[in-house]
Amino acid sequence: MAPVPPGIRFLVSFNRDQWYRAFTFGLTFLLYTSFHLSRKPISIVKSELHKNCSQISELSTESSGSSQHHVPHSDFDCSWKPFDKNNYKQLLGAMDYSFLCAYAVGMYLSGIIGERLPIRLYLTGGMLASGLFTALFGMGYVYNIHNLSFYILVQVFNGLVQTTGWPSVVTCIGNWFGKGRRGLIMGLWNSHTSVGNILGSLIAGYYVSTNWGMSFIVPGIIMAVMGVVCFLFLIEHPNDLKAFNACTQDSANGNKKLQKNWNGLNGHKDLYLQYKPGSKAQSGDMELLLAQDHVEMCLPVQQVVVVKSDAEPSAISFMGALRIPGVVEFSLCLLFAKLVSYTFLFWLPLYITKAAHLDAKRAGDLSTLFDVGGIVGGVLAGVISDKLGKRATTCAVMLLLAAPTLYGFSMMSQFGLGPTIAMLLVCGGLVNGPYALITTAVSADLGTHKSLKGNARALSTVTAIIDGTGSVGAALGPLLAGLLSAGGWDQVFYMLMAADFFALLLLSRLVLKELSSHKSRPGVSVELKEH
């Protein structure tokens with residue numbers, strides 16, 4: 001008999017629960033990858049619009065110096081008039097701001113709504129709507145739409161529906177994975193942000209020079225398809241699977257076993273369910289109670305009855321979530337950390353075209369290196385915080401190193417392609433490391449904090465509060481970059497360095513508490529008084 005191949009032995013070494021956990025990890029990873037994939041094209045298309053506007057301006061100047069005849073429409077014509085004015089940077093910044101401001105406002109409501117609706121249906125609806133609005137932006141090219149209000153409205157609605165994504169996937173992944181090595185698991189999982197940015201850049205860069213509308217339409221279609229996949233396959237909680245398996249197993253046993261165990265009461269042949277007050281729940285929120293010798297309460301049922309525990313925790317309020325120790329500090333820290341990250345997300349390709357003198361496609365491809373560094377930074381932040389048991393200290397060290405690195409990037413990017421590549425990788429790791437750690441492992445830790453006394457339904461609200469506050473910074477960053485870049489890119493980098501400093505300052509109290517604590521443990525290791 002031939003030996004079993006080692007690959008097969010490896011596959012069968014995992015039990016069914018581990019396979020479902022791995023499946024949920026991969027599925028939620030792909031779902032949120034599609035969210036970031038649909039956000040990236042706007043930064044790539046900016047460079048193309050600006051290039052066209054610059055070239056037609058130069059042609060018009062040359063022609064007016066030689067003759068007064070009209071310059072014919074050509075490939076260099078910037079036909080999207082809202083962006084051909086001298087204040088095009090402010091207009092592009094306003095488009096970013098409309099999306100991010102709507103996202104920030106909607107995020108505070110999204111977590112509260114998400115805890116009261118089935119996550120699978122809530123996330124599916126959001127993804128289908130987001131796919132529609134992303135593709136609708138690209139239709140502006142197809143139908144030659146020049147109205148600025150159209151693009152801003154599409155961005156606003158897209159920002160609102162995209163808030164369904166983050167609280168839903170973080171809640172789902174938090175339900176399936178415990179606190180053990182949460183930093184490493186969340187660090188690996190959170191690389192979907194950078195993977196989505198990279199794929200979005202590549203897809204948008206492929207079409208940007210020929211048909212920039214397809215830079216939005218293709219990601220919109222991908223988003224809608226993933227929404228259908230979410231509806232078909234997402235399992236919100238392990239208990240959902242256990243309840244389903246229990247029901248299918250009971251059905252497989254057939255009516256004979258049911259008739260054997262349930263003989264009726266007082267001469268009736270109906271199926272009865274016995275409930276003993278004070279009995280301990282068997283799995284999660286619900287339990288299937290079977291007949292025993294001592295009957296305390298008998299309820300007639302039709303087929304199978306699932307009894308909810310009377311002690312089922314209710315969804316936490318907004319103010320209740322704010323009282324969880326550490327939520328306010330990490331939320332405000334994320335405001336400034338996300339300001340830096342999203343400024344790079346929306347303005348990096350345009351900056352590279354100016355500093356490195358590259359076309360839109362090459363600048364978009366080069367900007368993906370920032371996200372490659374972000375993947376490494378997110379994983380390192382998770383591993384280090386797991387090892388030390390100090391989330392705030394890990395974030396603070398990376399923020400401290402990020403500020404001078406940003407200044408170095410602004411200097412080195414003007415000395416050629418090699419230094420630019422190196423600094424992009426380093427900046428990506430240091431900027432996205434704290435951002436990734438706070439939005440994933442820290443949010444999950446705080447959402448399952450011991451002050452909640454086992455109420456796991458707070459996770460979605462806590463995640464929404466932290467990411468919603470961070471999204472305020474994400475809205476301000478690109479807007480300020482658009483305003484400050486008119487006076488030179490140096491001012492933008494000074495703003496980014498100041499944001500890193502404020503983020504570090506907001507974590508100082510937590511860092512001091514962690515460093516003074518002799519007991520190191522994973523998660524938010526500081527014991528704080530409630531706010």
# chains A, B, ... in the order shown; residues from 1 in each chain; ligands from 1
>>> residues_around(residues="Val225 (chain A)", least_positions_apart="6", cutoff="12 Å", atoms="only C-alpha atoms", output="ChimeraX atom specification")
/A:30-31,34-35,124-125,127-132,218-219,231-232
>>> closest_atom_pairs(of="region 173-198 of chain A", to="region 362-379 of chain A", cutoff="12 Å", atoms="only C-alpha atoms", output="tab-separated table")
residue	atom	partner	partner_atom	distance
A:Arg181	CA	A:Val379	CA	11.5
A:Arg182	CA	A:Val379	CA	10.9
A:Gly183	CA	A:Val379	CA	7.9
A:Leu184	CA	A:Val379	CA	6.1
A:Ile185	CA	A:Val379	CA	8.2
A:Met186	CA	A:Val379	CA	7.9
A:Gly187	CA	A:Val379	CA	4.3
A:Leu188	CA	A:Val379	CA	5.5
A:Trp189	CA	A:Val379	CA	8.7
A:Asn190	CA	A:Gly378	CA	7.1
A:Ser191	CA	A:Ile375	CA	5.0
A:His192	CA	A:Ile375	CA	8.3
A:Thr193	CA	A:Asp371	CA	8.1
A:Ser194	CA	A:Asp371	CA	4.6
A:Val195	CA	A:Asp371	CA	7.3
A:Gly196	CA	A:Asp371	CA	9.0
A:Asn197	CA	A:Asp371	CA	6.8
A:Ile198	CA	A:Thr368	CA	5.1
>>> atom_distance(atom1="CA of Leu515 (chain A)", atom2="CA of Val397 (chain A)")
12.6 Å
>>> closest_residue(among="A:Ala356, A:Leu476, A:Leu148, A:Leu109", to="Tyr88 (chain A)", atoms="only C-alpha atoms")
A:Leu148
>>> residues_around(residues="Thr134 (chain A)", least_positions_apart="4", cutoff="8 Å", atoms="only C-alpha atoms", output="mmCIF file with N, CA and C atoms, in the first residue's frame")
data_model
loop_
_atom_site.group_PDB
_atom_site.id
_atom_site.type_symbol
_atom_site.label_atom_id
_atom_site.label_comp_id
_atom_site.auth_asym_id
_atom_site.auth_seq_id
_atom_site.Cartn_x
_atom_site.Cartn_y
_atom_site.Cartn_z
ATOM 1 N N SER A 38 -12.276 49.191 -4.642
ATOM 2 C CA SER A 38 -13.179 50.168 -5.268
ATOM 3 C C SER A 38 -12.880 51.599 -4.855
ATOM 4 N N SER A 130 -22.691 49.639 -3.050
ATOM 5 C CA SER A 130 -21.394 50.249 -3.305
ATOM 6 C C SER A 130 -20.893 49.925 -4.709
ATOM 7 N N GLY A 138 -17.864 55.823 -12.936
ATOM 8 C CA GLY A 138 -17.231 55.591 -14.229
ATOM 9 C C GLY A 138 -18.141 55.884 -15.402
ATOM 10 N N VAL A 154 -22.426 61.095 -6.176
ATOM 11 C CA VAL A 154 -22.076 59.674 -6.252
ATOM 12 C C VAL A 154 -21.089 59.318 -5.145
ATOM 13 N N ASN A 158 -21.797 56.692 -2.112
ATOM 14 C CA ASN A 158 -20.861 55.569 -2.019
ATOM 15 C C ASN A 158 -20.206 55.531 -0.641
ATOM 16 N N PHE A 216 -13.345 52.536 -12.888
ATOM 17 C CA PHE A 216 -14.359 52.457 -11.841
ATOM 18 C C PHE A 216 -15.372 51.343 -12.106
ATOM 19 N N ILE A 217 -15.718 51.130 -13.357
ATOM 20 C CA ILE A 217 -16.757 50.154 -13.688
ATOM 21 C C ILE A 217 -16.315 48.731 -13.329
ATOM 22 N N PRO A 219 -13.967 47.674 -11.000
ATOM 23 C CA PRO A 219 -14.050 47.441 -9.549
ATOM 24 C C PRO A 219 -15.484 47.402 -9.028
ATOM 25 N N GLY A 220 -16.389 48.197 -9.633
ATOM 26 C CA GLY A 220 -17.782 48.157 -9.206
ATOM 27 C C GLY A 220 -18.416 46.799 -9.458
#
